[in-house]
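Step one of this worksheet: look at the structure below.
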Amino acid sequence: MKKLLIVDDEPNIVMSLEYTFKKEDFNVFIARDGAEAIEIVNNDNPDIIILDIMMPNVDGFQVLKYLKENKELKNIKVIFLSAKNKTSDIELGLKLGADKYMSKPFSVKKLVNEVKELLK
Amino acid sequence: MSSFLVILVIIIYLAVVFYVAFWAEKNSKSKWVNNPYVYTLSLAVYCTAWTYYGSVGLAATSGLKFLTIYLGPVIIIPAWILLMRKILRISKANKISSLADFISLRYGNNRFLGALVTVICVLAIVPYISLQLKAISETFNVITKHNIIANTVINDTTFYIAILLAIFAAFFGTQHTDASERHKGIITAVALESLIKLVFFLVIGVYVTFYLFNGPSDIYKQASILPNFNLQQSINGLEGGFNWFFLSMLSMIAIMLLPRQFQVTVVENDREKYLKKVIWMFPLYLLLFNIFVLFIAWGGNIIFQHQNVDADLFTLMLPLVNGHEILALIVFLGGFSAAISMVVISTLALSTMLSNNLIIPYGFLNKYSKSESSENTESIKNIRRVAIFSLIILAYFFYRIFTLNRSLVSIGLISFVIIAQLAPSFFGGLFWRRASSRGAKYGIIVGFIVTFYTLIVPFTIDSQMLSTSFVIEGLFGTGFLKPYELFGLQLFEPVPHAFFWSMFFNILVYAIVSVSIVGNYRERNFAEMFVDSTKYAELHEGAYVWKGEAYVSDIKEVLIRFLGEKRTERALNLFYMKNGISDTSIYADARLVNFSEKLLTGSIGSASSRILIASVVKEEEISLPEVLSILDETQKTKESNKELKERDKQKDEFLDTVAHELKTPITSIRALSEILLDDEEIESNTKKQFLSSILSESERVSRLINNILDLEKLATGKEKLDLKENSIKNTIEKSIDVVYQIAANKGVTLSFDEATAAKLLYDEDRIQQVIINLLSNAIKFSAENKGEVFIKTSFNKNRLKISVEDNGKGIEPNDLVSIFNKFYQSKNQTILKPVGSGLGLAISKQIIESHKGEIWAENNENGGARVTFTLPYKKQ
């Protein structure tokens, strides 16, 4: 079973994602902010992360940077899922090494497909 | 050394210089070409062959006096950070291409004044150029034959060198028709030469000091026993002190107003900030150049004490007589490079003046206003090319015909004094509004006449050894008209003496005429812009004062003649865009008239462009108060434009934030409903949970929208307040009822001192909204189960004060004011997500302010936050 980490501070968004991926047979982990995400990454070594950008304390960009600086963590797939949809934000996200950048509001089906695609 | 070898070296050297210029012109964007170091080194064109050979000559014969030429610049250059900045700004804003243009523009595009300045400059500089040619020729002869012999023109190497220099200047100096464009090729080559001459001079200095002698103290020991040594190394008491003072003043003027200095410092300046480097690097350059002068001079005096060697040639003769020919060749090349960079820059500057301020405005304007653009630009370039060749050839024959047997320094100083005649008009124009064109003209003319009488005539008589009693007995044998002791003034040597008297009469006439005859409105307009340059320089065409009638098509036609159809079209479009003017207007306004004048200035000079434009527009006179009020207005418009832009930016940011805030709930709604729609096996409990989330997120959206609309209504005053007499106690209690449950859930206690029963005039719904907002904030920031929130009321004069405090963490001191801004939280923490809509306090503030009250935040004694608002209270 693939491990998937959802990082977002909006409870309702987390709820929808959790439901969807559990149904798709993922082992789902949840973090409410960046700091929590880093903790989970170190403990549970997920295969893929769905990462929000604007979060309290440690933001999504910082989490990604942390991943890319660690040898064991840098191969974890990352999909940014953010309401920031300016070209400059998207470019920054991809430059930092995210595998995919999706803007909110998003289609659940599309997201599921992207996740499966990345994990092939 | 064989002359063939020397010529070969010269040719190689010139080839390198040409190549560098060519390369720089090609790579004009390179950082090797555009930097403060190249700029500073190019200023060292100040150090000519005169510095190279003459300083040593002067130090050997008259001791310390040689220093004055460098002291002046060192004293004035720190002031450039203000003074030169002002000049640069004015020049850039007006596309000034020469000193003549600058002065002529300041006095209302005065054509005659521009021509006068040009003539003065040519008179001063041509002999100075011949001096450089003389230096090349003499040193060439010395190094090849060890003595100075005059040749005929045909076998004089100097003649061919002069021609090569003319080709160089003509080729690289006329790449653009617009003379205010930078000549990067020439400047880079000159900077390289400045480096070469400095290094070579240091080499010879080290050679003399440490190779021929055993260091400075050895030279000093041997030199100090020579006759006259002590006398030479002093400044000669008070009398000498005066001479020092005036010579330093003179060189202070020279470093700014010599045409070649104005060219490299102002016209060729790329960035204003280079000045910051120049103010210490250029004095450092001069210091390095002068370190060894005394030692070489003393060394020469010691070694040649029993021979008759021209002190000007010590630098060259010292290695020669000691058999070090390669070293002598290096010295020769250093002097050569000093001479040719001066010749090239001077002729470039003079040719621009000649074409733009003398030849075009007085001869070619008529022709130009009838011919095609391509012919015109070619013709303008040709005028400059011919001017460059004529100047150099003129200088060459000047040197051939007159026996210039006086020392190098003296001719240079005469040039300085002539150029100094421009100083009152130049500096006066920068700082004195009343200075008028007539004052400038008469001042310059009178000053020149005095210089002519007290310096040029007697000098010519002396140097050509004419037999006349004029110098010794004065004009018509009148004692107080002796040229070197005018009005019995015996204190000064000839140069400071001429400088003193010419400046005295120049300034006197300039001031008296300016004060007694008022200049026309054009002059006053430019006076205002030059004197108050910091205020107006950046306004460009906006600050232009002009009244009258003009058609765009007429002006366009003139522009096309000089710039061609394409460039005119491009320039005008840019102008329309920048100023937000419709390009269909038939009448030209002041800005267009000024813009067009400026566009032409670089190509044909300010006076000519003014005449050309004036020929197609009908101008009316304008009074001084009108001038001032127009200038002030443009200033204000500029400021309010800035404000508008700032407000636009804020609005954009606001919209950005609103969009983002709306997206978050919509994202949840979309995701949850998509699942509900697609997933048919969903459990009914989950389904219920999803639906209720959708409901609450929808409410969040509508709350946000309401808040924004609310704020908008309040801010624009669209919504009238429903003012009624209400009891504040009631209102507070009602508000507490609303939030009571939330507080109870979080374990926060609410307490209210019920002391006030006052009745005030206010909109109850709105005030309740404020209180609820403050209470929810307080509850939100209180710790769970430990939080305490107090509401207090008190009277203060005519105001009722209501405050809400909590025992939470308080507010960051930096945020105390800004928390009332819209979406402050999210703006302050761009990445981090705000809690709440971010509009509550902004709305509260708006409500309180529309009640004519105040609202502010502070931290209380226990560190918790306290927000207080007031409502006005009228006693019945």
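Scheme for the structure tokens: letters A, B, ... for chains in order shown; per-chain residue numbers from 1; ligand numbers from 1 in order shown.
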Please, which residues in chain A fall within 6 Å of chain B when counting only C-alpha atoms, and what is the closest atom pair and distance in Å to one decimal for each, ordered by chain then residue number, as JSON lines?
```
{"residue": "A:Asn12", "atom": "CA", "partner": "B:Ser668", "partner_atom": "CA", "distance": 5.7}
{"residue": "A:Ile13", "atom": "CA", "partner": "B:Ser668", "partner_atom": "CA", "distance": 5.0}
{"residue": "A:Ser16", "atom": "CA", "partner": "B:Leu672", "partner_atom": "CA", "distance": 5.7}
{"residue": "A:Met54", "atom": "CA", "partner": "B:Ile831", "partner_atom": "CA", "distance": 4.9}
{"residue": "A:Met55", "atom": "CA", "partner": "B:Leu832", "partner_atom": "CA", "distance": 4.9}
{"residue": "A:Pro56", "atom": "CA", "partner": "B:Leu832", "partner_atom": "CA", "distance": 4.8}
{"residue": "A:Lys104", "atom": "CA", "partner": "B:Thr667", "partner_atom": "CA", "distance": 5.8}
{"residue": "A:Pro105", "atom": "CA", "partner": "B:Thr667", "partner_atom": "CA", "distance": 4.1}
{"residue": "A:Val108", "atom": "CA", "partner": "B:Ala671", "partner_atom": "CA", "distance": 6.0}
```
I need the residues from that last selection saved to file as a PDB file, in the first residue's frame (with N, CA and C atoms), if you can.
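Dumped everything to part.pdb:
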```
ATOM      1  N   ASN A  12     -11.768  21.192   5.837  1.00  0.00           N
ATOM      2  CA  ASN A  12     -12.689  20.612   4.865  1.00  0.00           C
ATOM      3  C   ASN A  12     -11.982  20.082   3.633  1.00  0.00           C
ATOM      4  N   ILE A  13     -10.901  20.739   3.272  1.00  0.00           N
ATOM      5  CA  ILE A  13     -10.122  20.246   2.128  1.00  0.00           C
ATOM      6  C   ILE A  13      -9.456  18.925   2.515  1.00  0.00           C
ATOM      7  N   SER A  16     -11.944  16.059   2.437  1.00  0.00           N
ATOM      8  CA  SER A  16     -12.280  15.540   1.112  1.00  0.00           C
ATOM      9  C   SER A  16     -11.145  14.691   0.548  1.00  0.00           C
ATOM     10  N   MET A  54       0.316  28.060   1.466  1.00  0.00           N
ATOM     11  CA  MET A  54       0.094  29.026   2.542  1.00  0.00           C
ATOM     12  C   MET A  54      -0.414  28.334   3.801  1.00  0.00           C
ATOM     13  N   MET A  55       0.526  28.141   4.740  1.00  0.00           N
ATOM     14  CA  MET A  55       0.165  27.503   6.008  1.00  0.00           C
ATOM     15  C   MET A  55       0.870  28.240   7.136  1.00  0.00           C
ATOM     16  N   PRO A  56       0.325  28.159   8.343  1.00  0.00           N
ATOM     17  CA  PRO A  56       0.995  28.842   9.454  1.00  0.00           C
ATOM     18  C   PRO A  56       2.369  28.230   9.735  1.00  0.00           C
ATOM     19  N   LYS A 104      -5.869  25.613  -6.802  1.00  0.00           N
ATOM     20  CA  LYS A 104      -7.195  25.472  -6.197  1.00  0.00           C
ATOM     21  C   LYS A 104      -8.126  26.492  -6.824  1.00  0.00           C
ATOM     22  N   PRO A 105      -9.400  26.244  -7.012  1.00  0.00           N
ATOM     23  CA  PRO A 105     -10.101  24.982  -6.740  1.00  0.00           C
ATOM     24  C   PRO A 105      -9.656  23.920  -7.740  1.00  0.00           C
ATOM     25  N   VAL A 108     -11.113  16.651  -8.125  1.00  0.00           N
ATOM     26  CA  VAL A 108     -10.655  15.506  -7.355  1.00  0.00           C
ATOM     27  C   VAL A 108     -10.178  14.392  -8.281  1.00  0.00           C
TER      28      VAL A 108
END
```
If you count only C-alpha atoms, which residues fall within 12 Å of Ile855 (chain B), apart from same-chain ones fewer than 5 positions away, as a VMD selection string?
chain B and resid 770 to 771 774 800 to 804 816 to 817 819 to 820 841 to 850 866 to 871
Quick one: residues within 7 Å of region 57-73 of chain A, only C-alpha atoms counted, chain neighbours fewer than 2 positions away excluded, as a PyMOL selection string?
(chain A and resi 33-35+38+51-55+75-76+96) or (chain B and resi 831-832)
Would you list, as an mmCIF file with C-alpha atoms, in the first residue's frame, the residues of chain A that end up in strand (DSSP E or B) under DSSP run on this structure's backbone?
```cif
data_model
loop_
_atom_site.group_PDB
_atom_site.id
_atom_site.type_symbol
_atom_site.label_atom_id
_atom_site.label_comp_id
_atom_site.auth_asym_id
_atom_site.auth_seq_id
_atom_site.Cartn_x
_atom_site.Cartn_y
_atom_site.Cartn_z
ATOM 1 C CA LYS A 3 1.799 6.012 1.648
ATOM 2 C CA LEU A 4 0.354 9.426 0.924
ATOM 3 C CA LEU A 5 0.730 12.558 3.050
ATOM 4 C CA ILE A 6 -1.800 15.393 2.892
ATOM 5 C CA VAL A 7 -0.521 18.753 4.156
ATOM 6 C CA ASN A 27 -2.266 4.685 3.541
ATOM 7 C CA VAL A 28 -3.143 8.338 4.302
ATOM 8 C CA PHE A 29 -1.222 10.607 6.717
ATOM 9 C CA ILE A 30 -2.333 14.115 7.594
ATOM 10 C CA ALA A 31 -0.379 17.191 8.629
ATOM 11 C CA ILE A 48 3.960 11.086 -2.234
ATOM 12 C CA ILE A 49 2.941 14.396 -0.649
ATOM 13 C CA ILE A 50 0.059 16.690 -1.534
ATOM 14 C CA LEU A 51 1.340 20.003 -0.284
ATOM 15 C CA LYS A 77 7.057 12.892 -5.097
ATOM 16 C CA VAL A 78 5.472 16.249 -4.355
ATOM 17 C CA ILE A 79 2.322 17.829 -5.777
ATOM 18 C CA PHE A 80 1.699 21.446 -4.841
ATOM 19 C CA LEU A 81 -1.970 22.207 -4.335
ATOM 20 C CA SER A 82 -2.390 25.906 -3.766
ATOM 21 C CA LYS A 100 3.394 18.914 -10.261
ATOM 22 C CA TYR A 101 1.638 22.167 -9.457
ATOM 23 C CA MET A 102 -2.172 22.205 -9.264
ATOM 24 C CA SER A 103 -4.135 25.297 -8.411
#
```
List the spatial neighbours of Lys381 (chain B) as a PyMOL selection string - criterion: any atom at most 8 Å away, only C-alpha atoms, same-chain residues fewer than 4 positions off excluded.
chain B and resi 174+177+377+385
Any idea what's packed within 12 Å of Asn110 (chain B), counting only C-alpha atoms, ignoring anything in its chain fewer than 6 positions away? Could you give it as a ChimeraX atom specification?
/B:100-104,116-117,357-358,361,436-438,440-441,519-520,522-523,526,605-611
What would the file look like if the residues just selected were written as a compact mmCIF listing (two decimals), in the first residue's frame with N, CA and C atoms?
```txt
# COMPACT_ATOMS: atom_id res chain seq x y z
N ALA B 100 29.37 75.22 -24.70
CA ALA B 100 28.70 76.33 -25.37
C ALA B 100 27.18 76.14 -25.33
N ASP B 101 26.76 74.91 -25.52
CA ASP B 101 25.34 74.59 -25.48
C ASP B 101 24.77 74.86 -24.09
N PHE B 102 25.51 74.47 -23.10
CA PHE B 102 25.07 74.62 -21.71
C PHE B 102 24.84 76.09 -21.40
N ILE B 103 25.83 76.92 -21.71
CA ILE B 103 25.71 78.34 -21.39
C ILE B 103 24.62 78.98 -22.25
N SER B 104 24.60 78.63 -23.52
CA SER B 104 23.61 79.26 -24.40
C SER B 104 22.19 78.89 -23.97
N LEU B 116 29.76 82.90 -29.15
CA LEU B 116 30.83 83.59 -28.42
C LEU B 116 31.65 82.59 -27.60
N VAL B 117 30.94 81.72 -26.88
CA VAL B 117 31.64 80.73 -26.06
C VAL B 117 32.51 79.85 -26.96
N ASN B 357 27.07 75.27 -32.49
CA ASN B 357 26.86 76.59 -31.92
C ASN B 357 27.35 77.74 -32.78
N LEU B 358 28.08 77.39 -33.86
CA LEU B 358 28.55 78.49 -34.71
C LEU B 358 28.12 78.26 -36.16
N PRO B 361 23.95 77.20 -36.65
CA PRO B 361 22.99 78.28 -36.39
C PRO B 361 23.23 79.51 -37.25
N SER B 436 21.63 87.46 -16.54
CA SER B 436 20.97 87.58 -17.85
C SER B 436 21.96 87.38 -18.98
N SER B 437 21.43 87.14 -20.17
CA SER B 437 22.30 86.83 -21.30
C SER B 437 23.19 88.02 -21.65
N ARG B 438 22.63 89.22 -21.53
CA ARG B 438 23.47 90.39 -21.83
C ARG B 438 24.63 90.49 -20.87
N ALA B 440 26.04 88.12 -19.36
CA ALA B 440 27.01 87.07 -19.69
C ALA B 440 27.86 87.50 -20.89
N LYS B 441 27.19 87.97 -21.95
CA LYS B 441 27.92 88.36 -23.16
C LYS B 441 28.95 89.45 -22.87
N GLY B 519 16.41 90.17 -18.09
CA GLY B 519 16.41 89.29 -19.25
C GLY B 519 14.98 89.00 -19.71
N ASN B 520 14.83 88.43 -20.90
CA ASN B 520 13.47 88.14 -21.36
C ASN B 520 12.91 86.90 -20.67
N ARG B 522 12.14 83.96 -21.59
CA ARG B 522 12.77 82.67 -21.89
C ARG B 522 13.95 82.41 -20.96
N GLU B 523 14.76 83.46 -20.82
CA GLU B 523 15.91 83.34 -19.93
C GLU B 523 15.45 83.04 -18.51
N PHE B 526 14.47 79.42 -18.09
CA PHE B 526 15.60 78.50 -17.95
C PHE B 526 16.37 78.76 -16.66
N GLY B 605 22.43 71.63 -31.81
CA GLY B 605 22.67 72.64 -30.79
C GLY B 605 21.38 73.30 -30.35
N SER B 606 21.39 73.81 -29.11
CA SER B 606 20.14 74.30 -28.54
C SER B 606 19.63 75.56 -29.24
N ALA B 607 20.56 76.45 -29.63
CA ALA B 607 20.12 77.70 -30.24
C ALA B 607 19.45 77.42 -31.58
N SER B 608 20.07 76.54 -32.39
CA SER B 608 19.50 76.25 -33.70
C SER B 608 18.15 75.57 -33.58
N SER B 609 18.06 74.62 -32.65
CA SER B 609 16.80 73.90 -32.56
C SER B 609 15.70 74.85 -32.11
N ARG B 610 16.07 75.78 -31.25
CA ARG B 610 15.08 76.76 -30.82
C ARG B 610 14.60 77.60 -32.01
N ILE B 611 15.56 78.03 -32.85
CA ILE B 611 15.19 78.87 -33.99
C ILE B 611 14.30 78.09 -34.95
```
